[in-house]
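One file, entry.txt, is given below (compact mmCIF, C-alpha atoms).
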# COMPACT_ATOMS: atom_id res chain seq x y z
CA MET A 1 7.15 -31.51 -11.67
CA MET A 2 7.49 -30.86 -7.94
CA GLU A 3 4.29 -30.10 -6.13
CA LEU A 4 3.38 -28.66 -2.73
CA PHE A 5 -0.17 -29.15 -1.39
CA GLY A 6 -1.10 -30.29 -4.92
CA VAL A 7 0.09 -27.03 -6.50
CA SER A 8 3.04 -26.74 -8.89
CA ALA A 9 6.20 -25.38 -7.19
CA THR A 10 6.86 -23.12 -10.21
CA LEU A 11 3.45 -21.50 -9.83
CA LEU A 12 4.03 -21.04 -6.09
CA ALA A 13 7.45 -19.46 -6.77
CA THR A 14 5.94 -17.17 -9.43
CA PHE A 15 3.27 -15.99 -7.02
CA ALA A 16 5.85 -15.50 -4.24
CA GLY A 17 8.06 -13.39 -6.58
CA PHE A 18 5.10 -11.36 -7.77
CA GLY A 19 4.09 -10.91 -4.12
CA LEU A 20 7.53 -9.53 -3.24
CA LEU A 21 7.17 -6.86 -5.92
CA ILE A 22 3.67 -5.88 -4.83
CA GLY A 23 4.66 -5.98 -1.15
CA ILE A 24 7.34 -3.32 -1.68
CA LEU A 25 4.77 -1.01 -3.29
CA PHE A 26 2.09 -1.81 -0.72
CA GLY A 27 4.38 -1.21 2.26
CA PHE A 28 5.71 1.98 0.69
CA PHE A 29 2.49 3.60 -0.57
CA GLY A 30 -0.25 1.80 1.37
CA MET A 31 -1.96 0.93 -1.91
CA GLY A 32 -1.59 -1.20 -5.00
CA GLY A 33 -2.70 -4.68 -3.90
CA SER A 34 -5.94 -5.51 -5.71
CA PHE A 35 -5.06 -2.89 -8.33
CA LEU A 36 -2.17 -5.14 -9.42
CA VAL A 37 -3.19 -8.66 -8.39
CA THR A 38 -6.72 -8.84 -9.80
CA PRO A 39 -5.85 -7.88 -13.44
CA ALA A 40 -2.85 -10.24 -13.35
CA LEU A 41 -5.04 -13.17 -12.19
CA LEU A 42 -7.66 -12.36 -14.85
CA VAL A 43 -5.04 -12.49 -17.61
CA MET A 44 -3.72 -15.78 -16.15
CA GLY A 45 -7.17 -17.24 -16.83
CA TYR A 46 -8.77 -17.28 -13.36
CA ASP A 47 -12.50 -16.56 -13.10
CA ALA A 48 -13.39 -12.95 -12.31
CA ASN A 49 -14.86 -13.78 -8.87
CA VAL A 50 -11.78 -15.85 -7.91
CA ALA A 51 -9.47 -13.04 -9.14
CA VAL A 52 -11.35 -10.42 -7.09
CA GLY A 53 -11.90 -12.66 -4.02
CA SER A 54 -8.29 -13.89 -3.87
CA GLY A 55 -7.06 -10.35 -4.54
CA LEU A 56 -9.09 -9.08 -1.58
CA ALA A 57 -7.87 -11.88 0.73
CA PHE A 58 -4.30 -11.07 -0.30
CA VAL A 59 -4.85 -7.36 0.36
CA PHE A 60 -6.27 -8.24 3.79
CA GLY A 61 -3.19 -10.31 4.75
CA THR A 62 -0.72 -7.79 3.40
CA SER A 63 -2.43 -4.87 5.11
CA VAL A 64 -2.33 -6.73 8.46
CA ILE A 65 1.45 -7.15 8.11
CA ALA A 66 2.08 -3.62 6.80
CA THR A 67 -0.11 -2.05 9.52
CA LEU A 68 1.82 -3.90 12.24
CA LYS A 69 5.06 -2.61 10.73
CA HIS A 70 3.80 0.98 10.46
CA ARG A 71 2.53 0.72 14.04
CA ASP A 72 6.08 -0.15 15.15
CA LEU A 73 7.28 3.03 13.42
CA GLY A 74 4.55 5.10 15.16
CA GLN A 75 2.82 5.81 11.87
CA VAL A 76 -0.77 4.75 12.57
CA ASP A 77 -3.40 7.15 13.92
CA TYR A 78 -6.07 4.73 15.28
CA LYS A 79 -8.59 7.43 16.20
CA LEU A 80 -8.42 8.92 12.71
CA GLY A 81 -8.53 5.40 11.23
CA VAL A 82 -11.75 4.47 13.08
CA LEU A 83 -13.38 7.78 12.02
CA MET A 84 -12.30 7.18 8.43
CA ILE A 85 -13.80 3.65 8.54
CA ALA A 86 -17.13 5.07 9.77
CA GLY A 87 -17.26 7.82 7.13
CA THR A 88 -16.01 5.59 4.32
CA THR A 89 -18.56 2.83 5.05
CA GLY A 90 -21.43 5.33 4.68
CA GLY A 91 -19.91 6.69 1.49
CA ILE A 92 -19.47 3.21 -0.03
CA GLU A 93 -23.18 2.41 0.56
CA VAL A 94 -24.27 5.62 -1.19
CA GLY A 95 -21.73 5.02 -4.00
CA LYS A 96 -23.13 1.51 -4.54
CA ILE A 97 -26.66 2.91 -4.86
CA GLY A 98 -25.39 5.33 -7.55
CA LEU A 99 -23.68 2.46 -9.35
CA GLU A 100 -26.81 0.29 -9.22
CA TYR A 101 -28.81 3.15 -10.74
CA LEU A 102 -26.28 3.45 -13.59
CA GLN A 103 -26.46 -0.33 -14.13
CA HIS A 104 -30.24 -0.03 -14.27
CA ILE A 105 -30.05 2.52 -17.09
CA GLY A 106 -27.21 0.59 -18.79
CA LEU A 107 -24.47 3.20 -18.45
CA ALA A 108 -22.46 1.68 -15.58
CA ASP A 109 -19.51 0.23 -17.56
CA SER A 110 -18.73 3.29 -19.65
CA VAL A 111 -19.26 5.85 -16.85
CA VAL A 112 -17.20 3.86 -14.32
CA SER A 113 -14.34 3.28 -16.79
CA VAL A 114 -14.13 6.94 -17.76
CA ALA A 115 -14.39 8.07 -14.09
CA TYR A 116 -11.69 5.55 -13.08
CA VAL A 117 -9.24 6.74 -15.76
CA LEU A 118 -9.93 10.43 -15.04
CA LEU A 119 -9.55 9.95 -11.29
CA LEU A 120 -6.37 7.85 -11.46
CA GLY A 121 -4.85 10.15 -14.09
CA GLY A 122 -6.03 13.31 -12.31
CA ILE A 123 -4.67 12.34 -8.88
CA GLY A 124 -1.46 11.05 -10.49
CA ALA A 125 -0.89 14.28 -12.42
CA PHE A 126 -1.76 16.43 -9.37
CA VAL A 127 0.53 14.54 -6.97
CA THR A 128 3.42 14.52 -9.47
CA ARG A 129 3.02 18.24 -10.24
CA GLU A 130 2.85 19.17 -6.53
CA ALA A 131 5.94 17.07 -5.76
CA LEU A 132 7.95 18.48 -8.67
CA LYS A 133 7.12 22.11 -7.94
CA GLY A 134 7.77 21.76 -4.17
CA ASP A 135 11.15 23.05 -2.94
CA SER A 136 13.41 20.36 -1.62
CA ASP A 137 13.93 21.89 1.80
CA GLY A 138 10.21 21.96 2.54
CA GLY A 139 8.13 18.88 3.07
CA LEU A 140 7.33 16.92 6.16
CA GLU A 141 9.49 14.74 8.31
CA HIS A 142 9.24 11.01 7.69
CA ASP A 143 9.62 10.01 11.30
CA VAL A 144 6.69 11.19 13.30
CA ASP A 145 7.85 13.38 16.13
CA GLU A 146 5.20 14.03 18.77
CA ASP A 147 7.09 17.09 20.00
CA ALA A 148 7.56 18.55 16.54
CA ASP A 149 6.26 22.07 16.02
CA PRO A 150 3.37 21.84 13.56
CA GLU A 151 4.34 25.27 12.28
CA ASP A 152 7.45 23.65 10.82
CA ALA A 153 5.45 21.25 8.71
CA GLU A 154 4.41 22.14 5.20
CA ILE A 155 0.65 21.58 5.15
CA PRO A 156 -1.10 21.73 1.77
CA GLU A 157 -3.31 24.82 1.25
CA ILE A 158 -6.58 22.88 1.02
CA ALA A 159 -5.74 21.05 4.25
CA GLN A 160 -4.97 24.39 6.00
CA LYS A 161 -8.38 25.64 4.89
CA ILE A 162 -10.12 22.48 6.18
CA GLN A 163 -8.20 22.65 9.47
CA SER A 164 -9.31 26.29 9.89
CA TYR A 165 -13.01 25.33 10.21
CA ASN A 166 -13.57 25.22 13.97
CA VAL A 167 -16.77 23.17 14.01
CA PRO A 168 -16.77 21.26 17.34
CA PRO A 169 -15.91 18.62 18.35
CA MET A 170 -12.28 19.16 17.33
CA ILE A 171 -9.96 16.15 17.39
CA SER A 172 -6.17 16.08 17.64
CA VAL A 173 -4.41 14.20 14.87
CA ARG A 174 -0.95 12.63 14.88
CA GLY A 175 1.36 15.25 13.38
CA GLY A 176 0.43 17.85 16.00
CA PHE A 177 -2.73 19.63 14.83
CA THR A 178 -6.47 19.60 15.39
CA VAL A 179 -9.24 19.27 12.84
CA SER A 180 -13.04 19.21 13.05
CA LEU A 181 -14.50 15.71 13.43
CA TRP A 182 -17.13 16.64 10.82
CA MET A 183 -14.45 17.54 8.27
CA VAL A 184 -12.78 14.15 8.76
CA LEU A 185 -16.12 12.37 8.34
CA ALA A 186 -16.93 14.48 5.24
CA VAL A 187 -13.57 13.62 3.61
CA ALA A 188 -14.01 9.95 4.55
CA PHE A 189 -17.57 9.93 3.15
CA ALA A 190 -16.38 11.50 -0.13
CA THR A 191 -13.57 8.96 -0.55
CA GLY A 192 -15.98 6.12 0.34
CA LEU A 193 -18.45 7.42 -2.23
CA LEU A 194 -15.82 7.23 -4.97
CA SER A 195 -14.61 3.87 -3.69
CA GLY A 196 -18.14 2.36 -3.73
CA PHE A 197 -18.93 3.92 -7.07
CA LEU A 198 -15.76 2.66 -8.73
CA GLY A 199 -15.76 -0.71 -6.94
CA VAL A 200 -12.14 -0.38 -5.81
CA GLY A 201 -10.40 -0.62 -2.42
CA GLY A 202 -9.75 3.09 -2.47
CA GLY A 203 -6.21 3.26 -1.03
CA PHE A 204 -5.15 5.43 -3.95
CA ILE A 205 -7.95 7.88 -3.11
CA ARG A 206 -7.67 7.85 0.72
CA MET A 207 -3.90 8.20 1.04
CA PRO A 208 -3.73 11.50 -0.95
CA ALA A 209 -7.02 12.64 0.66
CA LEU A 210 -5.55 12.20 4.15
CA PHE A 211 -2.50 14.26 3.17
CA TYR A 212 -3.93 16.90 0.82
CA LEU A 213 -7.34 17.41 2.47
CA ILE A 214 -6.71 16.78 6.18
CA GLY A 215 -2.96 17.56 6.32
CA VAL A 216 -1.80 14.27 7.87
CA PRO A 217 1.95 13.69 7.28
CA VAL A 218 2.49 11.21 4.42
CA PRO A 219 3.91 8.30 6.50
CA VAL A 220 0.97 8.57 8.96
CA ALA A 221 -1.46 8.83 6.01
CA VAL A 222 0.00 5.57 4.64
CA GLY A 223 -0.11 3.79 8.04
CA THR A 224 -3.67 4.95 8.81
CA ASP A 225 -4.86 4.00 5.33
CA LEU A 226 -3.42 0.49 5.80
CA PHE A 227 -5.20 0.19 9.15
CA GLU A 228 -8.49 0.93 7.36
CA ILE A 229 -7.71 -1.60 4.60
CA VAL A 230 -7.40 -4.35 7.26
CA PHE A 231 -11.12 -3.95 7.95
CA SER A 232 -12.37 -3.40 4.40
CA GLY A 233 -10.15 -6.26 3.08
CA GLY A 234 -11.21 -8.62 5.90
CA ILE A 235 -14.93 -8.05 5.35
CA GLY A 236 -14.56 -8.18 1.55
CA SER A 237 -12.60 -11.45 1.55
CA PHE A 238 -15.11 -13.04 3.97
CA LEU A 239 -17.98 -12.14 1.63
CA TYR A 240 -16.17 -13.62 -1.40
CA ALA A 241 -15.04 -16.69 0.59
CA GLN A 242 -18.69 -17.49 1.33
CA SER A 243 -19.13 -18.29 -2.37
CA GLY A 244 -15.82 -20.18 -2.54
CA ALA A 245 -14.06 -17.44 -4.52
CA VAL A 246 -10.89 -17.28 -2.37
CA ASP A 247 -8.14 -19.62 -3.65
CA LEU A 248 -5.51 -20.29 -0.96
CA SER A 249 -3.03 -21.68 -3.51
CA ILE A 250 -2.86 -18.10 -4.85
CA VAL A 251 -3.12 -16.19 -1.57
CA VAL A 252 -0.62 -18.16 0.57
CA PRO A 253 2.48 -17.80 -1.72
CA LEU A 254 1.57 -14.24 -2.73
CA LEU A 255 1.39 -13.30 0.93
CA ALA A 256 4.68 -15.02 1.77
CA GLY A 257 6.46 -12.92 -0.88
CA SER A 258 4.64 -9.71 -0.14
CA ALA A 259 5.25 -9.93 3.63
CA LEU A 260 8.96 -9.58 2.94
CA GLY A 261 8.35 -6.85 0.36
CA ALA A 262 6.00 -4.93 2.68
CA ARG A 263 8.70 -4.98 5.37
CA LEU A 264 11.21 -3.52 2.91
CA GLY A 265 8.70 -0.99 1.56
CA ALA A 266 7.60 0.21 5.00
CA ALA A 267 11.25 0.58 6.10
CA ALA A 268 11.97 2.54 2.90
CA THR A 269 9.34 5.19 3.79
CA SER A 270 11.64 6.28 6.63
CA LEU A 271 14.64 6.55 4.28
CA VAL A 272 13.37 7.97 1.00
CA GLU A 273 12.77 11.72 0.59
CA GLU A 274 9.14 12.79 0.96
CA GLU A 275 9.11 14.45 -2.45
CA ASP A 276 10.44 11.25 -4.05
CA ILE A 277 7.59 9.24 -2.45
CA LYS A 278 5.05 11.60 -4.01
CA VAL A 279 6.71 11.50 -7.45
CA TYR A 280 6.78 7.67 -7.44
CA PHE A 281 3.16 7.57 -6.27
CA GLY A 282 2.10 9.98 -9.03
CA ILE A 283 3.96 8.00 -11.73
CA MET A 284 2.40 4.77 -10.49
CA LEU A 285 -1.11 6.25 -10.74
CA LEU A 286 -0.49 7.78 -14.17
CA LEU A 287 0.73 4.45 -15.56
CA GLY A 288 -2.24 2.75 -13.88
CA ALA A 289 -4.60 5.19 -15.63
CA ILE A 290 -2.94 4.47 -18.98
CA ALA A 291 -3.24 0.70 -18.37
CA VAL A 292 -6.96 0.94 -17.53
CA ALA A 293 -7.56 3.20 -20.56
CA VAL A 294 -5.76 0.72 -22.86
CA ARG A 295 -7.89 -2.16 -21.49
CA GLN A 296 -11.10 -0.19 -22.04
CA ILE A 297 -10.09 0.69 -25.61
CA GLY A 298 -9.34 -3.02 -26.14
CA GLY A 299 -12.87 -3.86 -24.93
CA VAL A 300 -14.48 -1.30 -27.25
CA LEU A 301 -12.41 -2.34 -30.29
CA GLU A 302 -12.69 -6.05 -29.35
CA MET A 303 -8.92 -6.46 -29.37
CA PRO A 304 -7.95 -8.91 -26.54
CA VAL A 305 -4.26 -8.20 -27.22
CA LEU A 306 -4.75 -4.81 -25.56
CA ASP A 307 -5.62 -6.63 -22.29
CA THR A 308 -2.12 -8.12 -22.37
CA VAL A 309 -0.62 -4.70 -23.21
CA SER A 310 -2.51 -3.29 -20.21
CA LEU A 311 -1.13 -6.01 -17.93
CA VAL A 312 2.41 -5.43 -19.24
CA ILE A 313 2.05 -1.71 -18.43
CA ILE A 314 0.81 -2.50 -14.90
CA LEU A 315 3.56 -5.07 -14.23
CA GLY A 316 6.17 -2.78 -15.83
CA ALA A 317 5.01 0.10 -13.62
CA ALA A 318 5.19 -2.14 -10.54
CA LEU A 319 8.69 -3.32 -11.45
CA LEU A 320 9.87 0.20 -12.32
CA VAL A 321 8.48 1.90 -9.22
CA SER A 322 9.48 -0.84 -6.74
CA GLY A 323 12.96 -0.80 -8.30
CA ALA A 324 13.15 2.99 -7.97
CA VAL A 325 11.98 2.81 -4.34
CA SER A 326 14.60 0.15 -3.49
CA TYR A 327 17.32 2.10 -5.30
CA SER A 328 16.43 5.36 -3.50
CA ALA A 329 16.37 3.60 -0.12
CA VAL A 330 19.82 2.04 -0.67
CA ARG A 331 21.18 5.38 -1.94
CA GLU A 332 19.91 7.19 1.19
CA LEU A 333 21.34 4.42 3.40
CA ARG A 334 24.74 4.82 1.74
CA ALA A 335 24.56 8.63 1.99
CA ASP A 336 23.82 8.31 5.73
CA ALA A 337 26.74 5.90 6.14
CA ASN A 338 29.10 8.30 4.33
CA SER A 339 27.97 11.36 6.31
CA SER A 340 28.30 9.53 9.66
CA SER A 341 31.77 8.27 8.73
CA VAL A 342 32.79 11.86 7.79
CA ALA A 343 31.37 13.09 11.12
CA ALA A 344 33.31 10.38 12.96
CA ASP A 345 36.52 11.43 11.17
CA VAL A 346 35.96 15.08 12.24
CA MET B 1 -5.89 -27.05 0.58
CA PHE B 2 -5.45 -27.23 4.41
CA GLY B 3 -8.45 -29.60 4.65
CA ILE B 4 -11.12 -26.96 5.09
CA GLU B 5 -13.12 -28.11 2.04
CA SER B 6 -15.36 -30.23 4.27
CA LEU B 7 -16.61 -27.10 6.06
CA SER B 8 -19.52 -25.30 4.51
CA GLY B 9 -20.65 -21.71 3.92
CA ASN B 10 -19.84 -19.25 6.68
CA ALA B 11 -17.60 -21.68 8.60
CA GLN B 12 -15.39 -22.21 5.55
CA ALA B 13 -15.29 -18.47 4.83
CA ALA B 14 -14.33 -17.71 8.43
CA ALA B 15 -11.67 -20.48 8.31
CA LEU B 16 -10.20 -19.02 5.09
CA VAL B 17 -10.01 -15.52 6.54
CA GLY B 18 -8.57 -17.01 9.75
CA ILE B 19 -5.86 -18.89 7.80
CA VAL B 20 -4.87 -15.70 5.96
CA LEU B 21 -4.78 -13.74 9.25
CA PHE B 22 -2.76 -16.52 10.94
CA GLU B 23 -0.30 -16.66 8.02
CA ALA B 24 0.05 -12.86 8.11
CA ILE B 25 0.88 -12.87 11.83
CA VAL B 26 3.30 -15.83 11.50
CA LEU B 27 5.05 -14.09 8.59
CA TYR B 28 5.22 -10.82 10.51
CA VAL B 29 6.78 -12.50 13.55
CA GLY B 30 8.99 -14.81 11.43
CA TYR B 31 10.35 -12.12 9.15
CA GLY B 32 10.72 -9.86 12.21
CA GLY B 33 12.94 -12.49 13.83
CA LEU B 34 14.97 -12.91 10.64
CA GLU B 35 15.34 -9.13 10.42
CA GLN B 36 16.69 -8.98 13.96
CA LEU B 37 19.12 -11.82 13.24
CA PHE B 38 20.37 -10.79 9.83
CA GLY B 39 19.18 -7.16 9.55
CA PRO B 40 22.38 -5.46 10.78
CA ALA B 41 24.53 -7.57 8.42
CA VAL B 42 22.26 -6.90 5.43
CA LYS B 43 22.25 -3.18 6.32
CA ARG B 44 26.05 -3.10 6.29
CA VAL B 45 26.09 -4.83 2.90
CA LEU B 46 23.59 -2.31 1.52
CA LYS B 47 25.63 0.56 2.99
CA GLY B 48 28.65 -0.83 1.13
CA GLN B 49 30.59 -1.37 4.35
CA CYS B 50 30.91 -5.13 3.85
CA ALA B 51 30.79 -7.52 0.90
CA LEU B 52 28.20 -10.28 0.90
CA VAL B 53 30.97 -12.91 0.97
CA GLU B 54 32.45 -11.32 4.10
CA VAL B 55 29.07 -11.47 5.83
CA LEU B 56 28.59 -15.12 4.82
CA MET B 57 32.09 -15.96 6.12
CA ARG B 58 31.36 -13.98 9.31
CA ARG B 59 34.26 -11.64 8.64
CA CYS B 60 32.12 -8.52 8.89
CA SER B 61 31.38 -6.94 12.24
CA VAL B 62 27.79 -5.81 12.59
CA SER B 63 28.36 -3.45 15.51
CA GLU B 64 27.14 0.10 14.81
CA ASN B 65 29.98 1.80 16.71
CA GLY B 66 32.82 1.50 14.33
CA GLY B 67 32.70 -2.19 13.55
CA GLY B 68 34.64 -2.49 10.34
CA ASN B 69 36.31 -5.59 9.05
CA ARG B 70 38.17 -7.75 11.47
Can you dump the structure from the file as structure tokens?
Amino acid sequence: MMELFGVSATLLATFAGFGLLIGILFGFFGMGGSFLVTPALLVMGYDANVAVGSGLAFVFGTSVIATLKHRDLGQVDYKLGVLMIAGTTGGIEVGKIGLEYLQHIGLADSVVSVAYVLLLGGIGAFVTREALKGDSDGGLEHDVDEDADPEDAEIPEIAQKIQSYNVPPMISVRGGFTVSLWMVLAVAFATGLLSGFLGVGGGFIRMPALFYLIGVPVPVAVGTDLFEIVFSGGIGSFLYAQSGAVDLSIVVPLLAGSALGARLGAAATSLVEEEDIKVYFGIMLLLGAIAVAVRQIGGVLEMPVLDTVSLVIILGAALLVSGAVSYSAVRELRADANSSSVAADV
Amino acid sequence: MFGIESLSGNAQAAALVGIVLFEAIVLYVGYGGLEQLFGPAVKRVLKGQCALVEVLMRRCSVSENGGGNR
């Protein structure tokens, strides 16, 4: 069999194809890397530390590429990103202390699993419900317009409440509004706390938090979240690489595929309707919650087959949602082409 | 892979992270170049304005202002 750098070409192609799929989701939502890669590597028989370490290194590379792309589209708020990093780091430390305490009393596994399923399922159900009940002519613009009147934007109620607290210093945020620095740090700390407690990257917590709690337009929330993941992923992969847990024969082809996918996914955020993005995101999280729940049940009942079922659900969700994103983007592109040709005829 | 096995501890970790960062930047620039070269043609195929065969045979104009098939 053909080999490259001592690795089977089939395996490299499989990783590149899988990377393409994940890249579309990552570029589109700003989340989904380790959430998809790590369980897949575990089922393929890699050691847990290699699965987590390589997953983190992959997330780091993909987030670098996706952040650069979002920056080109004007969808990264660096000031907000740096503040989020500061608040999140503090939250992660406190979350880890809570987790260590639970490990000490022997309740960590069950508490974390239940919290993970409830959080994924809860956010998924909330986002999907909000998107489905929202009227189609509301929503925010995909392309960030610095001159846009913030009054025109539909800001979630909780975010309006948070923005109304005038505790100085106030900072201006991309999207045309100001918010108290302390509120941003508090939201970042809370998301970091959950992230440290659950031992996950936290993109699926931060992206909705930026939108629903601070009121940042969805594309900017995605771009800013990716910017933060560059730092958390970089530090995480360095720590795992110190113990030799980063396997380049996994990371390099995955990244090659996902770089293309992330480009497509990031471009699709400017084409697909805002409400559609939220629905896809919600469905993705709901299916993720089901997959985690199935794996936990498998662990309790000692049925390894449920691990495979869980992986099939995760991969199926990735395939379904990335397919839906690509289809919606092409449909919007064709609709634009038709409307401009009609306009040209008139 | 890439001959960094001889390095130890922190140096190897830094080299691994550096390789991933380097690959990410190369891919970003490389795919960016490919997008500039082939992006307009792919966009026209996706919009349904040209067939893939026409693009491959260079029979599809990629200009935004009217273009159309030659």
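Any residue of chain A with an atom no more than 6 Å from chain B counts as a contact; using only C-alpha atoms, that gives Gly61, Ile65, Phe238, Ala241, Gln242, Leu333 and Arg334 of chain A.
You will find atom CA of A:Phe177 at 26.8 Å from atom CA of A:Gly124.
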inquiry  = Env of A:Pro304: 9 Å cut, atoms = all atoms listed in the file, seq-sep filter 5 positions within chain, self excluded. Answer as a ChimeraX atom specification.
reply    = /A:295,298-299
message = As an exercise, work out the distance from atom CA of A:Val127 to atom CA of A:Gly316 in Å and give it to one decimal place.
response = 20.3 Å
message = Between atom CA of A:Ala259 and atom CA of A:Phe58, what distance in Å does the model show, to one decimal?
response = 10.4 Å
Can you tell me, as lines of an AutoDock Vina configuration file, the centre and edge lengths (Å, one decimal) of the axis-aligned box enclosing all of stretch 37-55 of chain B's listed atoms after padding each side by 6 Å?
center_x = 25.8
center_y = -6.2
center_z = 7.1
size_x = 25.3
size_y = 25.5
size_z = 24.3
task = Just the residues within 12 Å of A:Phe15, please, counting all atoms listed in the file, with nothing from its chain fewer than 2 positions along; format it as a PyMOL selection string.
result = chain A and resi 7-13+17-23+37+40-41+44+58+248-258
Can you save stretch 86-93 of chain A of the given block to a file, including all heavy atoms and formatted as a compact mmCIF listing (two decimals), in the first residue's frame?
# COMPACT_ATOMS: atom_id res chain seq x y z
N ALA A 86 -9.20 36.92 28.99
CA ALA A 86 -8.87 37.21 30.39
C ALA A 86 -9.93 36.62 31.33
O ALA A 86 -9.60 35.91 32.29
CB ALA A 86 -8.75 38.71 30.59
N GLY A 87 -11.19 36.91 31.04
CA GLY A 87 -12.27 36.43 31.91
C GLY A 87 -12.40 34.92 31.88
O GLY A 87 -12.58 34.28 32.93
N THR A 88 -12.25 34.34 30.69
CA THR A 88 -12.39 32.89 30.55
C THR A 88 -11.29 32.14 31.30
O THR A 88 -11.54 31.13 31.94
CB THR A 88 -12.36 32.48 29.05
OG1 THR A 88 -13.29 33.28 28.35
CG2 THR A 88 -12.72 31.03 28.85
N THR A 89 -10.03 32.67 31.21
CA THR A 89 -8.91 32.01 31.88
C THR A 89 -9.17 31.90 33.38
O THR A 89 -8.97 30.84 33.98
CB THR A 89 -7.60 32.79 31.62
OG1 THR A 89 -7.49 33.00 30.22
CG2 THR A 89 -6.39 32.03 32.10
N GLY A 90 -9.64 33.00 33.99
CA GLY A 90 -9.97 32.98 35.42
C GLY A 90 -11.06 31.96 35.71
O GLY A 90 -10.97 31.18 36.67
N GLY A 91 -12.08 31.94 34.87
CA GLY A 91 -13.19 31.01 35.05
C GLY A 91 -12.76 29.56 34.95
O GLY A 91 -13.19 28.71 35.74
N ILE A 92 -11.85 29.28 33.99
CA ILE A 92 -11.38 27.89 33.80
C ILE A 92 -10.66 27.40 35.06
O ILE A 92 -10.87 26.28 35.51
CB ILE A 92 -10.44 27.80 32.56
CG1 ILE A 92 -11.26 27.94 31.27
CG2 ILE A 92 -9.68 26.48 32.54
CD1 ILE A 92 -10.45 28.03 29.99
N GLU A 93 -9.82 28.29 35.64
CA GLU A 93 -9.07 27.91 36.86
C GLU A 93 -10.02 27.54 37.99
O GLU A 93 -9.86 26.52 38.65
CB GLU A 93 -8.15 29.07 37.29
CG GLU A 93 -6.92 29.23 36.41
CD GLU A 93 -6.07 27.96 36.33
OE1 GLU A 93 -5.88 27.31 37.36
OE2 GLU A 93 -5.63 27.61 35.22
